[in-house]
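Asker: Pasting a structure here, questions to come.
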Amino acid sequence: IAAALSVWFWQTSSTASTQAATEAALAAGFDAKEQKAIEAIVRDYILKNPEIIPEAVELLQNRQKASAIDEVRDQIEKPFAGAAFAGNPDGDVVVVEYSDFNCPYCKQTERDIAKLIAEDKNVKVVFRELPILSEASNDAALMALAAAKQGKYYAFHKTMFATGRPTPSTIEAAAKEVGLDMAAARAFIKSPEAKKEIENNIAIARKLRFTGTPAWVIGDQSEVGAVGYDGLKEMIAKARAAN
């Protein structure tokens, strides 16, 4: 906290910040002496109440998150091929999950998603592929996109996680179990459209500073990790309250 306070204090004393503060003070009708007095009072308050520093940092981070999400919201809340989602297609809250079929925490999260859409009939869960753990992750993600093109995304998504870690045999088994046209699927996964979707997901994940999977966007909030059913409900409640 002391280090953060020191950085903050000296940054606010930089030439640009000082000039801005001076201009603001003059615009408010304060002379130089009054401005120095105000600065001294503010500095003294911060030194006596350093706990406001992390509170302010958290507020700033949340605002930055919300701004970053707003820039990509239309892209991430629109399911790929119109089919990569579960729940209510017209839900009042959209839960966006970035996942990897090779991620055990994503598999664990499947139970939370199933419970969520069973109990909350006004939630839409949009799935985005983020295959960052292995080449097999990418192969499974491409097949999931192929399933979306055939209107069978969520069935494949659930079956793939239930089948086991992605391998050529488990991916094909899951695809056949949900009834994919395998010739069409194999053709699609080689297409520029499939490659572009994965690349876009990775680029947006970097923009939102996701460091792993699962990662979530709900309203103006983003989190990384298996937040659990209660965590998802809390984020949804905050999103609804903000609407």
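By convention in this document, the chains of the structure tokens carry letters A, B, ... by their order, each chain's residues are numbered from 1, and ligands are numbered from 1 in the order they are shown.
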Extract, using only C-alpha atoms, all DNA, RNA and protein residues at most 8 Å from stretch 219-231 of chain A, discarding same-chain residues fewer than 6 positions from it, and format them as a ChimeraX atom specification.
Answerer: /A:62,65-66,69-70,93-95,105-106,108-109,112-113,115-116,210-213,239
Asker: Taking the chain letters and numbering used in this document, name the residues of stretch 15-225 of chain A that DSSP puts in strand (DSSP E or B), as an mmCIF file with all heavy atoms, in the first residue's frame.
Answerer:
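Result written to part01.cif:
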data_model
loop_
_atom_site.group_PDB
_atom_site.id
_atom_site.type_symbol
_atom_site.label_atom_id
_atom_site.label_comp_id
_atom_site.auth_asym_id
_atom_site.auth_seq_id
_atom_site.Cartn_x
_atom_site.Cartn_y
_atom_site.Cartn_z
ATOM 1 N N PHE A 85 -24.913 -21.595 -28.211
ATOM 2 C CA PHE A 85 -25.442 -21.053 -26.968
ATOM 3 C C PHE A 85 -26.352 -22.084 -26.318
ATOM 4 O O PHE A 85 -26.731 -23.092 -26.919
ATOM 5 C CB PHE A 85 -26.201 -19.745 -27.201
ATOM 6 C CG PHE A 85 -27.587 -19.933 -27.772
ATOM 7 C CD1 PHE A 85 -28.699 -19.998 -26.936
ATOM 8 C CD2 PHE A 85 -27.780 -20.070 -29.138
ATOM 9 C CE1 PHE A 85 -29.972 -20.190 -27.464
ATOM 10 C CE2 PHE A 85 -29.057 -20.254 -29.672
ATOM 11 C CZ PHE A 85 -30.148 -20.311 -28.823
ATOM 12 N N ALA A 86 -26.721 -21.810 -25.066
ATOM 13 C CA ALA A 86 -27.691 -22.631 -24.339
ATOM 14 C C ALA A 86 -28.591 -21.697 -23.548
ATOM 15 O O ALA A 86 -28.237 -20.544 -23.283
ATOM 16 C CB ALA A 86 -26.984 -23.610 -23.406
ATOM 17 N N GLY A 87 -29.759 -22.194 -23.158
ATOM 18 C CA GLY A 87 -30.671 -21.382 -22.376
ATOM 19 C C GLY A 87 -31.649 -20.611 -23.241
ATOM 20 O O GLY A 87 -31.959 -20.998 -24.368
ATOM 21 N N VAL A 93 -30.109 -11.556 -19.501
ATOM 22 C CA VAL A 93 -28.684 -11.503 -19.183
ATOM 23 C C VAL A 93 -27.962 -12.528 -20.042
ATOM 24 O O VAL A 93 -28.406 -13.674 -20.165
ATOM 25 C CB VAL A 93 -28.419 -11.803 -17.695
ATOM 26 C CG1 VAL A 93 -26.909 -11.934 -17.428
ATOM 27 C CG2 VAL A 93 -29.002 -10.709 -16.811
ATOM 28 N N VAL A 94 -26.853 -12.090 -20.650
ATOM 29 C CA VAL A 94 -26.041 -12.993 -21.460
ATOM 30 C C VAL A 94 -24.768 -13.339 -20.682
ATOM 31 O O VAL A 94 -24.026 -12.459 -20.253
ATOM 32 C CB VAL A 94 -25.659 -12.361 -22.809
ATOM 33 C CG1 VAL A 94 -24.767 -13.311 -23.614
ATOM 34 C CG2 VAL A 94 -26.904 -11.996 -23.598
ATOM 35 N N VAL A 95 -24.561 -14.630 -20.501
ATOM 36 C CA VAL A 95 -23.346 -15.141 -19.870
ATOM 37 C C VAL A 95 -22.445 -15.645 -20.989
ATOM 38 O O VAL A 95 -22.828 -16.542 -21.744
ATOM 39 C CB VAL A 95 -23.662 -16.298 -18.904
ATOM 40 C CG1 VAL A 95 -22.374 -16.922 -18.364
ATOM 41 C CG2 VAL A 95 -24.547 -15.824 -17.767
ATOM 42 N N VAL A 96 -21.276 -15.069 -21.129
ATOM 43 C CA VAL A 96 -20.326 -15.503 -22.155
ATOM 44 C C VAL A 96 -19.227 -16.314 -21.475
ATOM 45 O O VAL A 96 -18.579 -15.826 -20.543
ATOM 46 C CB VAL A 96 -19.707 -14.315 -22.907
ATOM 47 C CG1 VAL A 96 -18.750 -14.817 -23.990
ATOM 48 C CG2 VAL A 96 -20.792 -13.433 -23.523
ATOM 49 N N GLU A 97 -19.044 -17.549 -21.932
ATOM 50 C CA GLU A 97 -17.987 -18.400 -21.376
ATOM 51 C C GLU A 97 -16.954 -18.718 -22.448
ATOM 52 O O GLU A 97 -17.297 -19.206 -23.524
ATOM 53 C CB GLU A 97 -18.546 -19.709 -20.838
ATOM 54 C CG GLU A 97 -17.440 -20.600 -20.253
ATOM 55 C CD GLU A 97 -17.871 -22.019 -19.926
ATOM 56 O OE1 GLU A 97 -19.022 -22.377 -20.245
ATOM 57 O OE2 GLU A 97 -17.057 -22.767 -19.379
ATOM 58 N N TYR A 98 -15.697 -18.449 -22.136
ATOM 59 C CA TYR A 98 -14.577 -18.872 -22.971
ATOM 60 C C TYR A 98 -14.016 -20.141 -22.353
ATOM 61 O O TYR A 98 -13.653 -20.152 -21.172
ATOM 62 C CB TYR A 98 -13.497 -17.794 -23.006
ATOM 63 C CG TYR A 98 -13.829 -16.624 -23.900
ATOM 64 C CD1 TYR A 98 -14.721 -15.638 -23.489
ATOM 65 C CD2 TYR A 98 -13.249 -16.490 -25.155
ATOM 66 C CE1 TYR A 98 -15.029 -14.556 -24.315
ATOM 67 C CE2 TYR A 98 -13.546 -15.420 -25.990
ATOM 68 C CZ TYR A 98 -14.437 -14.461 -25.555
ATOM 69 O OH TYR A 98 -14.740 -13.407 -26.373
ATOM 70 N N SER A 99 -13.962 -21.217 -23.147
ATOM 71 C CA SER A 99 -13.543 -22.488 -22.575
ATOM 72 C C SER A 99 -12.641 -23.270 -23.514
ATOM 73 O O SER A 99 -12.540 -22.982 -24.706
ATOM 74 C CB SER A 99 -14.763 -23.338 -22.197
ATOM 75 O OG SER A 99 -15.499 -23.678 -23.355
ATOM 76 N N VAL A 123 -31.826 -16.648 -18.749
ATOM 77 C CA VAL A 123 -30.391 -16.484 -18.988
ATOM 78 C C VAL A 123 -30.018 -17.135 -20.312
ATOM 79 O O VAL A 123 -30.505 -18.211 -20.647
ATOM 80 C CB VAL A 123 -29.559 -17.115 -17.850
ATOM 81 C CG1 VAL A 123 -28.107 -17.295 -18.265
ATOM 82 C CG2 VAL A 123 -29.622 -16.251 -16.605
ATOM 83 N N LYS A 124 -29.169 -16.457 -21.052
ATOM 84 C CA LYS A 124 -28.611 -17.004 -22.285
ATOM 85 C C LYS A 124 -27.111 -17.194 -22.076
ATOM 86 O O LYS A 124 -26.415 -16.258 -21.684
ATOM 87 C CB LYS A 124 -28.861 -16.047 -23.456
ATOM 88 C CG LYS A 124 -28.285 -16.523 -24.793
ATOM 89 C CD LYS A 124 -28.596 -15.503 -25.880
ATOM 90 C CE LYS A 124 -28.105 -15.959 -27.242
ATOM 91 N NZ LYS A 124 -28.426 -14.967 -28.291
ATOM 92 N N VAL A 125 -26.616 -18.399 -22.309
ATOM 93 C CA VAL A 125 -25.192 -18.692 -22.159
ATOM 94 C C VAL A 125 -24.580 -18.850 -23.544
ATOM 95 O O VAL A 125 -24.961 -19.747 -24.302
ATOM 96 C CB VAL A 125 -24.957 -19.974 -21.332
ATOM 97 C CG1 VAL A 125 -23.460 -20.236 -21.187
ATOM 98 C CG2 VAL A 125 -25.608 -19.854 -19.962
ATOM 99 N N VAL A 126 -23.658 -17.970 -23.883
ATOM 100 C CA VAL A 126 -22.969 -18.017 -25.173
ATOM 101 C C VAL A 126 -21.581 -18.605 -24.955
ATOM 102 O O VAL A 126 -20.837 -18.164 -24.075
ATOM 103 C CB VAL A 126 -22.865 -16.608 -25.795
ATOM 104 C CG1 VAL A 126 -21.992 -16.641 -27.052
ATOM 105 C CG2 VAL A 126 -24.252 -16.071 -26.131
ATOM 106 N N PHE A 127 -21.243 -19.607 -25.761
ATOM 107 C CA PHE A 127 -19.957 -20.293 -25.631
ATOM 108 C C PHE A 127 -18.985 -19.809 -26.703
ATOM 109 O O PHE A 127 -19.338 -19.716 -27.879
ATOM 110 C CB PHE A 127 -20.147 -21.802 -25.773
ATOM 111 C CG PHE A 127 -21.079 -22.400 -24.754
ATOM 112 C CD1 PHE A 127 -22.406 -22.628 -25.077
ATOM 113 C CD2 PHE A 127 -20.639 -22.712 -23.482
ATOM 114 C CE1 PHE A 127 -23.282 -23.178 -24.149
ATOM 115 C CE2 PHE A 127 -21.501 -23.257 -22.544
ATOM 116 C CZ PHE A 127 -22.829 -23.491 -22.871
ATOM 117 N N ARG A 128 -17.772 -19.533 -26.276
ATOM 118 C CA ARG A 128 -16.721 -19.143 -27.212
ATOM 119 C C ARG A 128 -15.528 -20.071 -27.003
ATOM 120 O O ARG A 128 -15.108 -20.334 -25.867
ATOM 121 C CB ARG A 128 -16.308 -17.688 -27.001
ATOM 122 C CG ARG A 128 -17.461 -16.700 -27.011
ATOM 123 C CD ARG A 128 -17.178 -15.532 -27.930
ATOM 124 N NE ARG A 128 -17.312 -15.840 -29.324
ATOM 125 C CZ ARG A 128 -18.426 -15.631 -30.042
ATOM 126 N NH1 ARG A 128 -19.513 -15.123 -29.475
ATOM 127 N NH2 ARG A 128 -18.454 -15.918 -31.324
ATOM 128 N N GLU A 129 -15.001 -20.552 -28.119
ATOM 129 C CA GLU A 129 -13.883 -21.484 -28.064
ATOM 130 C C GLU A 129 -12.574 -20.733 -27.821
ATOM 131 O O GLU A 129 -12.256 -19.786 -28.537
ATOM 132 C CB GLU A 129 -13.789 -22.275 -29.372
ATOM 133 C CG GLU A 129 -15.050 -23.029 -29.743
ATOM 134 C CD GLU A 129 -15.499 -23.980 -28.657
ATOM 135 O OE1 GLU A 129 -14.642 -24.642 -28.051
ATOM 136 O OE2 GLU A 129 -16.713 -24.055 -28.417
ATOM 137 N N ALA A 215 -13.157 -18.501 -18.706
ATOM 138 C CA ALA A 215 -13.199 -17.059 -18.502
ATOM 139 C C ALA A 215 -14.615 -16.589 -18.827
ATOM 140 O O ALA A 215 -15.283 -17.170 -19.684
ATOM 141 C CB ALA A 215 -12.184 -16.348 -19.386
ATOM 142 N N TRP A 216 -15.032 -15.557 -18.121
ATOM 143 C CA TRP A 216 -16.444 -15.152 -18.174
ATOM 144 C C TRP A 216 -16.610 -13.665 -18.463
ATOM 145 O O TRP A 216 -15.821 -12.846 -17.972
ATOM 146 C CB TRP A 216 -17.126 -15.442 -16.835
ATOM 147 C CG TRP A 216 -16.902 -16.817 -16.326
ATOM 148 C CD1 TRP A 216 -15.882 -17.250 -15.524
ATOM 149 C CD2 TRP A 216 -17.710 -17.971 -16.606
ATOM 150 N NE1 TRP A 216 -16.012 -18.595 -15.284
ATOM 151 C CE2 TRP A 216 -17.121 -19.065 -15.928
ATOM 152 C CE3 TRP A 216 -18.868 -18.168 -17.349
ATOM 153 C CZ2 TRP A 216 -17.653 -20.345 -15.979
ATOM 154 C CZ3 TRP A 216 -19.401 -19.432 -17.403
ATOM 155 C CH2 TRP A 216 -18.797 -20.515 -16.727
ATOM 156 N N VAL A 217 -17.663 -13.352 -19.190
ATOM 157 C CA VAL A 217 -18.121 -11.972 -19.329
ATOM 158 C C VAL A 217 -19.616 -11.977 -19.061
ATOM 159 O O VAL A 217 -20.379 -12.679 -19.740
ATOM 160 C CB VAL A 217 -17.849 -11.397 -20.729
ATOM 161 C CG1 VAL A 217 -18.430 -9.987 -20.832
ATOM 162 C CG2 VAL A 217 -16.359 -11.371 -21.020
ATOM 163 N N ILE A 218 -20.037 -11.217 -18.060
ATOM 164 C CA ILE A 218 -21.455 -11.100 -17.722
ATOM 165 C C ILE A 218 -21.727 -9.629 -17.445
ATOM 166 O O ILE A 218 -21.227 -9.071 -16.464
ATOM 167 C CB ILE A 218 -21.824 -11.948 -16.492
ATOM 168 C CG1 ILE A 218 -21.433 -13.418 -16.707
ATOM 169 C CG2 ILE A 218 -23.318 -11.833 -16.197
ATOM 170 C CD1 ILE A 218 -21.696 -14.305 -15.501
ATOM 171 N N GLN A 221 -18.942 -7.172 -16.213
ATOM 172 C CA GLN A 221 -17.992 -7.892 -15.365
ATOM 173 C C GLN A 221 -17.251 -8.965 -16.157
ATOM 174 O O GLN A 221 -17.813 -9.578 -17.056
ATOM 175 C CB GLN A 221 -18.720 -8.588 -14.221
ATOM 176 C CG GLN A 221 -19.669 -7.700 -13.440
ATOM 177 C CD GLN A 221 -20.767 -8.528 -12.785
ATOM 178 O OE1 GLN A 221 -20.584 -9.037 -11.684
ATOM 179 N NE2 GLN A 221 -21.895 -8.689 -13.468
ATOM 180 N N SER A 222 -16.012 -9.201 -15.796
ATOM 181 C CA SER A 222 -15.263 -10.318 -16.365
ATOM 182 C C SER A 222 -14.459 -10.981 -15.249
ATOM 183 O O SER A 222 -13.973 -10.316 -14.339
ATOM 184 C CB SER A 222 -14.332 -9.847 -17.487
ATOM 185 O OG SER A 222 -13.336 -8.965 -16.998
ATOM 186 N N GLU A 223 -14.369 -12.301 -15.332
ATOM 187 C CA GLU A 223 -13.627 -13.079 -14.347
ATOM 188 C C GLU A 223 -12.953 -14.238 -15.056
ATOM 189 O O GLU A 223 -13.405 -14.696 -16.107
ATOM 190 C CB GLU A 223 -14.545 -13.626 -13.252
ATOM 191 C CG GLU A 223 -15.204 -12.578 -12.373
ATOM 192 C CD GLU A 223 -14.235 -11.877 -11.428
ATOM 193 O OE1 GLU A 223 -13.102 -12.390 -11.260
ATOM 194 O OE2 GLU A 223 -14.600 -10.836 -10.874
ATOM 195 N N VAL A 224 -11.885 -14.735 -14.446
ATOM 196 C CA VAL A 224 -11.190 -15.909 -14.959
ATOM 197 C C VAL A 224 -11.191 -16.977 -13.882
ATOM 198 O O VAL A 224 -10.905 -16.695 -12.720
ATOM 199 C CB VAL A 224 -9.735 -15.579 -15.365
ATOM 200 C CG1 VAL A 224 -9.001 -16.847 -15.812
ATOM 201 C CG2 VAL A 224 -9.706 -14.536 -16.466
#
Asker: Got a sec to tell me which of stretch 29-227 of chain A DSSP assigns to alpha helix (DSSP H), as a VMD selection string?
Answerer: chain A and resid 32 to 48 52 to 76 104 to 119 135 to 149 153 to 163 168 to 177 182 to 188 192 to 207
Asker: If we count only C-alpha atoms, what is near A:Met160 at a cut-off of 12 Å, once residues fewer than 3 positions away on the same chain are taken out, given as number ranges by chain?
Answerer: A: 100-103, 106-107, 110, 137, 139-141, 143-144, 147, 153-157, 163-178
Asker: How about saving the chosen residues, N, CA, C and O atoms kept, as a CSV table (one decimal), in the first residue's frame?
Answerer:
chain,number,residue,atom,x,y,z
A,100,ASP,N,-12.0,-24.3,-22.9
A,100,ASP,CA,-11.1,-25.2,-23.6
A,100,ASP,C,-11.5,-26.6,-23.3
A,100,ASP,O,-11.6,-26.9,-22.1
A,101,PHE,N,-11.7,-27.5,-24.3
A,101,PHE,CA,-12.1,-28.8,-24.0
A,101,PHE,C,-11.1,-29.7,-23.2
A,101,PHE,O,-11.4,-30.7,-22.7
A,102,ASN,N,-9.9,-29.2,-23.2
A,102,ASN,CA,-8.8,-29.9,-22.4
A,102,ASN,C,-8.6,-29.3,-21.0
A,102,ASN,O,-7.7,-29.7,-20.3
A,103,CYS,N,-9.5,-28.4,-20.6
A,103,CYS,CA,-9.4,-27.8,-19.3
A,103,CYS,C,-10.3,-28.5,-18.3
A,103,CYS,O,-11.6,-28.5,-18.4
A,106,CYS,N,-13.1,-26.2,-16.9
A,106,CYS,CA,-14.2,-26.0,-17.8
A,106,CYS,C,-15.1,-27.2,-17.7
A,106,CYS,O,-16.4,-27.0,-17.7
A,107,LYS,N,-14.6,-28.4,-17.6
A,107,LYS,CA,-15.5,-29.6,-17.5
A,107,LYS,C,-16.3,-29.5,-16.2
A,107,LYS,O,-17.5,-29.8,-16.2
A,110,GLU,N,-19.3,-27.3,-16.4
A,110,GLU,CA,-20.5,-27.7,-17.2
A,110,GLU,C,-21.6,-28.0,-16.2
A,110,GLU,O,-22.8,-27.7,-16.6
A,137,SER,N,-6.9,-29.4,-28.1
A,137,SER,CA,-7.9,-28.5,-27.8
A,137,SER,C,-8.4,-27.7,-29.0
A,137,SER,O,-9.6,-27.5,-29.2
A,139,ASP,N,-8.3,-28.9,-32.1
A,139,ASP,CA,-9.1,-29.8,-32.9
A,139,ASP,C,-10.5,-29.9,-32.4
A,139,ASP,O,-11.5,-30.0,-33.2
A,140,ALA,N,-10.7,-30.0,-31.1
A,140,ALA,CA,-12.0,-30.2,-30.5
A,140,ALA,C,-12.8,-28.9,-30.7
A,140,ALA,O,-14.0,-28.9,-31.0
A,141,ALA,N,-12.1,-27.7,-30.6
A,141,ALA,CA,-12.8,-26.5,-30.8
A,141,ALA,C,-13.3,-26.3,-32.2
A,141,ALA,O,-14.5,-25.9,-32.4
A,143,MET,N,-14.2,-28.7,-34.2
A,143,MET,CA,-15.3,-29.6,-34.4
A,143,MET,C,-16.6,-29.0,-33.7
A,143,MET,O,-17.7,-29.2,-34.2
A,144,ALA,N,-16.4,-28.3,-32.6
A,144,ALA,CA,-17.5,-27.7,-31.9
A,144,ALA,C,-18.1,-26.6,-32.8
A,144,ALA,O,-19.3,-26.5,-32.9
A,147,ALA,N,-20.1,-28.3,-35.4
A,147,ALA,CA,-21.4,-28.7,-34.8
A,147,ALA,C,-22.3,-27.5,-34.8
A,147,ALA,O,-23.5,-27.6,-35.0
A,153,TYR,N,-24.5,-27.4,-31.6
A,153,TYR,CA,-23.3,-27.0,-30.8
A,153,TYR,C,-23.4,-27.6,-29.4
A,153,TYR,O,-22.5,-28.2,-28.9
A,154,TYR,N,-24.5,-27.2,-28.7
A,154,TYR,CA,-24.6,-27.5,-27.3
A,154,TYR,C,-24.5,-29.0,-27.0
A,154,TYR,O,-23.9,-29.5,-26.0
A,155,ALA,N,-25.2,-29.8,-27.9
A,155,ALA,CA,-25.1,-31.2,-27.8
A,155,ALA,C,-23.7,-31.7,-27.9
A,155,ALA,O,-23.3,-32.6,-27.1
A,156,PHE,N,-22.9,-31.2,-28.8
A,156,PHE,CA,-21.5,-31.6,-28.9
A,156,PHE,C,-20.7,-31.1,-27.7
A,156,PHE,O,-19.9,-31.9,-27.2
A,157,HIS,N,-20.9,-29.9,-27.3
A,157,HIS,CA,-20.2,-29.3,-26.2
A,157,HIS,C,-20.3,-30.2,-25.0
A,157,HIS,O,-19.3,-30.6,-24.3
A,163,THR,N,-17.2,-37.2,-22.8
A,163,THR,CA,-16.5,-38.2,-23.4
A,163,THR,C,-15.0,-38.4,-22.8
A,163,THR,O,-14.5,-39.5,-22.7
A,164,GLY,N,-14.4,-37.2,-22.5
A,164,GLY,CA,-13.1,-37.3,-22.0
A,164,GLY,C,-12.2,-36.3,-22.6
A,164,GLY,O,-12.6,-35.5,-23.5
A,165,ARG,N,-10.9,-36.3,-22.3
A,165,ARG,CA,-10.0,-35.3,-22.9
A,165,ARG,C,-10.0,-35.5,-24.4
A,165,ARG,O,-10.1,-36.6,-24.9
A,166,PRO,N,-9.8,-34.4,-25.1
A,166,PRO,CA,-9.9,-34.5,-26.6
A,166,PRO,C,-8.7,-35.2,-27.2
A,166,PRO,O,-7.5,-34.9,-26.9
A,167,THR,N,-9.0,-36.2,-28.0
A,167,THR,CA,-8.0,-36.9,-28.8
A,167,THR,C,-8.8,-37.1,-30.1
A,167,THR,O,-10.0,-36.9,-30.2
A,168,PRO,N,-8.1,-37.5,-31.2
A,168,PRO,CA,-8.8,-37.8,-32.5
A,168,PRO,C,-9.9,-38.7,-32.3
A,168,PRO,O,-11.0,-38.5,-32.9
A,169,SER,N,-9.8,-39.7,-31.5
A,169,SER,CA,-10.9,-40.7,-31.3
A,169,SER,C,-12.0,-40.2,-30.5
A,169,SER,O,-13.2,-40.4,-30.8
A,170,THR,N,-11.7,-39.4,-29.4
A,170,THR,CA,-12.8,-38.9,-28.6
A,170,THR,C,-13.6,-37.8,-29.3
A,170,THR,O,-14.8,-37.7,-29.1
A,171,ILE,N,-12.9,-37.0,-30.1
A,171,ILE,CA,-13.5,-35.9,-30.8
A,171,ILE,C,-14.5,-36.5,-31.8
A,171,ILE,O,-15.7,-36.1,-32.0
A,172,GLU,N,-14.0,-37.5,-32.6
A,172,GLU,CA,-14.9,-38.1,-33.6
A,172,GLU,C,-16.0,-38.9,-32.9
A,172,GLU,O,-17.2,-38.8,-33.5
A,173,ALA,N,-15.8,-39.5,-31.8
A,173,ALA,CA,-16.9,-40.3,-31.1
A,173,ALA,C,-18.0,-39.3,-30.7
A,173,ALA,O,-19.1,-39.6,-30.8
A,174,ALA,N,-17.6,-38.1,-30.1
A,174,ALA,CA,-18.5,-37.2,-29.7
A,174,ALA,C,-19.3,-36.6,-30.9
A,174,ALA,O,-20.6,-36.4,-30.8
A,175,ALA,N,-18.6,-36.3,-32.0
A,175,ALA,CA,-19.3,-35.8,-33.1
A,175,ALA,C,-20.3,-36.8,-33.7
A,175,ALA,O,-21.4,-36.4,-34.1
A,176,LYS,N,-19.9,-38.0,-33.8
A,176,LYS,CA,-20.8,-39.1,-34.3
A,176,LYS,C,-22.0,-39.3,-33.3
A,176,LYS,O,-23.1,-39.5,-33.8
A,177,GLU,N,-21.7,-39.2,-32.0
A,177,GLU,CA,-22.8,-39.5,-31.1
A,177,GLU,C,-23.9,-38.4,-31.2
A,177,GLU,O,-25.1,-38.7,-31.0
A,178,VAL,N,-23.6,-37.2,-31.5
A,178,VAL,CA,-24.6,-36.1,-31.6
A,178,VAL,C,-25.2,-36.1,-33.0
A,178,VAL,O,-26.0,-35.2,-33.3
Asker: Could you list, with a cut-off of 9 Å and counting only C-alpha atoms, the residues of stretch 70-163 of chain A near stretch 184-187 of chain A, each shown with its nearest atom pair and the distance in Å rounded to one decimal, rows sorted by chain and ascending number, as a tab-separated table?
Answerer:
residue	atom	partner	partner_atom	distance
A:Leu142	CA	A:Ala185	CA	8.9
A:Met143	CA	A:Ala185	CA	6.8
A:Leu145	CA	A:Ala185	CA	8.7
A:Ala146	CA	A:Ala185	CA	5.1
A:Ala147	CA	A:Ala185	CA	7.2
A:Lys149	CA	A:Ala185	CA	8.4
A:Gln150	CA	A:Ala185	CA	8.3
Asker: Those residues you just picked out, can you put them in a file as a tab-separated table (two decimals), in the first residue's frame with all heavy atoms?
Answerer:
chain	number	residue	atom	x	y	z
A	142	LEU	N	-12.53	-26.73	-33.17
A	142	LEU	CA	-12.96	-26.66	-34.57
A	142	LEU	C	-14.16	-27.57	-34.82
A	142	LEU	O	-15.10	-27.19	-35.55
A	142	LEU	CB	-11.80	-27.06	-35.49
A	142	LEU	CG	-10.64	-26.06	-35.58
A	142	LEU	CD1	-9.46	-26.67	-36.31
A	142	LEU	CD2	-11.08	-24.77	-36.26
A	143	MET	N	-14.18	-28.75	-34.20
A	143	MET	CA	-15.33	-29.64	-34.37
A	143	MET	C	-16.56	-29.04	-33.70
A	143	MET	O	-17.69	-29.20	-34.21
A	143	MET	CB	-15.02	-31.01	-33.79
A	143	MET	CG	-16.09	-32.07	-34.10
A	143	MET	SD	-16.29	-32.38	-35.88
A	143	MET	CE	-14.86	-33.45	-36.18
A	145	LEU	N	-17.23	-25.88	-33.55
A	145	LEU	CA	-17.72	-24.87	-34.49
A	145	LEU	C	-18.46	-25.54	-35.65
A	145	LEU	O	-19.48	-25.02	-36.13
A	145	LEU	CB	-16.56	-24.03	-35.01
A	145	LEU	CG	-15.79	-23.20	-33.97
A	145	LEU	CD1	-14.66	-22.43	-34.65
A	145	LEU	CD2	-16.72	-22.25	-33.24
A	146	ALA	N	-17.95	-26.68	-36.09
A	146	ALA	CA	-18.63	-27.43	-37.14
A	146	ALA	C	-20.01	-27.88	-36.66
A	146	ALA	O	-20.98	-27.86	-37.43
A	146	ALA	CB	-17.79	-28.63	-37.57
A	147	ALA	N	-20.08	-28.27	-35.39
A	147	ALA	CA	-21.37	-28.67	-34.81
A	147	ALA	C	-22.32	-27.48	-34.78
A	147	ALA	O	-23.53	-27.63	-35.04
A	147	ALA	CB	-21.16	-29.22	-33.41
A	149	LYS	N	-22.39	-25.03	-36.89
A	149	LYS	CA	-22.86	-24.82	-38.27
A	149	LYS	C	-24.00	-25.77	-38.62
A	149	LYS	O	-24.82	-25.47	-39.48
A	149	LYS	CB	-21.70	-25.01	-39.26
A	149	LYS	CG	-20.62	-23.97	-39.15
A	149	LYS	CD	-21.10	-22.58	-39.55
A	149	LYS	CE	-21.20	-22.43	-41.04
A	149	LYS	NZ	-21.48	-21.02	-41.45
A	150	GLN	N	-24.05	-26.91	-37.92
A	150	GLN	CA	-25.12	-27.88	-38.16
A	150	GLN	C	-26.23	-27.78	-37.11
A	150	GLN	O	-27.11	-28.64	-37.04
A	150	GLN	CB	-24.53	-29.30	-38.20
A	150	GLN	CG	-23.56	-29.53	-39.35
A	150	GLN	CD	-23.05	-30.96	-39.44
A	150	GLN	OE1	-23.77	-31.91	-39.14
A	150	GLN	NE2	-21.82	-31.11	-39.90
Asker: If you measure from atom CA of A:Ala242 to atom CA of A:Glu77, what distance in Å do you get, rounded to one decimal?
Answerer: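 Atom-to-atom, atom CA of A:Ala242 and atom CA of A:Glu77 are spaced 17.1 Å apart.
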Asker: Near A:Ala83, counting only C-alpha atoms, which residues have an atom at most 7 Å away, once you skip same-chain residues fewer than 4 positions from it, shown as a PyMOL selection string?
Answerer: chain A and resi 79+148+151+153
Asker: Would you mind exporting the chosen residues as a CSV table (one decimal), in the first residue's frame, restricted to N, CA and C atoms?
Answerer:
chain,number,residue,atom,x,y,z
A,79,PRO,N,-23.7,-15.5,-30.7
A,79,PRO,CA,-23.2,-16.9,-30.8
A,79,PRO,C,-22.8,-17.2,-32.2
A,148,ALA,N,-21.8,-26.3,-34.5
A,148,ALA,CA,-22.6,-25.1,-34.5
A,148,ALA,C,-23.2,-24.8,-35.9
A,151,GLY,N,-26.2,-26.7,-36.3
A,151,GLY,CA,-27.2,-26.5,-35.3
A,151,GLY,C,-27.2,-27.5,-34.1
A,153,TYR,N,-24.5,-27.4,-31.6
A,153,TYR,CA,-23.3,-27.0,-30.8
A,153,TYR,C,-23.4,-27.6,-29.4
Asker: Mind giving me the straight-line distance from atom CA of A:Ala40 to atom CA of A:Pro54 in Å, one decimal?
Answerer: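 For atom CA of A:Ala40 relative to atom CA of A:Pro54, the distance reads 20.7 Å.
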Asker: So how far away is atom CA of A:Leu130 from atom CA of A:Val72, in Å?
Answerer: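 According to the coordinates, atom CA of A:Val72 and atom CA of A:Leu130 are separated by 15.8 Å.
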